[in-house]
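Below is one structure, written out as structure tokens; comments come after it.
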Amino acid sequence: MFRQMRRSRQALPAEACEEILARGTSGVLAVSGDEGYPYAVPLNYVYSGGRLYFHCAKSGHKLDALARSDKASFCVIDQDQIVPEEYTSYFRSVIAFGRVRVIEDAQQKRAAIEALAIRFSPDDSAQNRSDVIERDWAPLCMLEMEIEHLSGKQAKELARAGQ
């Protein structure tokens with residue numbers, strides 16, 4: 001169902017892909033937008049339990065697109081080092097393909113936003129984190145991406161160097 005990578009020697013193993021998702025902080029979610037145009041939006045995220053979680057408002061282009069089709073991809077760029085003298089970039093990136101759903105269950109939604117809050121404000125107190133979540137709860141929407149396929153690729157120079 002998913003295409004094989006053309007340059008398979010540059011493919012990252014599954015563990016490396018998961019490490020990149022775990023340490024990343026932002027990526028681009030791509031969905032099927034209005035009038036058949038792709039809609040790609042940069043988002044913060046957290047990777048937890050083999051799934052991706054995003055927060056958003058309860059309405060908008062992204063949710064309209066997901067209501068039409070829950071299929072999406074999410075790309076995270078781990079490294080992008082421009083090497084001018086070689087006319088290239090030493091890159092490393094991951095693309096997750098899967099289905100995205102709005103988290104309706106309050107407990108699951110709470111766990112997802114707490115994971116996101118801890119990821120981005122790890123030194124905050126549990127009480128303050130809880131207060132902020134409660135304050136912003138009503139307009140909050142949490143999305144979960146169940147990953148069906150994960151692929152990662154790196155520049156041939158990084159692959160040769162074993163990085």
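As shown in the structure tokens, the chain order sets the letters A, B, ...; within each chain, residues go from 1, and ligands are also counted from 1 in the order they appear.
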In chain A, DSSP strand (DSSP E or B) residues written as a PyMOL selection string: chain A and resi 11+26-32+38-44+46-48+51-56+71-83+88-102+141-154
Surrounding residues of stretch 122-137 of chain A excluding itself and chain neighbours under 5 positions, 8 Å, only C-alpha atoms, as a PyMOL selection string: chain A and resi 113-114+117
Let me see the file: selected residues, C-alpha atoms, as a PDB file, in the first residue's frame.
```pdb
ATOM      1  CA  ILE A 113      -2.778  17.605  26.442  1.00  0.00           C
ATOM      2  CA  GLU A 114      -0.797  16.768  29.580  1.00  0.00           C
ATOM      3  CA  ALA A 117       2.302  20.320  28.122  1.00  0.00           C
TER       4      ALA A 117
END
```
Residue neighbourhood stretch 9-22 of chain A, 10 Å, only C-alpha atoms, exclusion window fewer than 5 positions, as a count of residues only: 32
Spatial neighbours of A:Ser69, 7 Å, only C-alpha atoms, chain gap at least 3 places, as a list in words: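 Within the cut-off, the hits are Ser32, Ala65 and Leu66 of chain A.
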Every residue of stretch 7-149 of chain A that DSSP places in alpha helix (DSSP H), as a PyMOL selection string: chain A and resi 14-23+61-68+106-120+126-136
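Ranking A:Arg3, A:Tyr87, A:Ala67, A:Met142 by their shortest atom-to-atom distance to A:Asn44, with only C-alpha atoms included, puts A:Met142 first.
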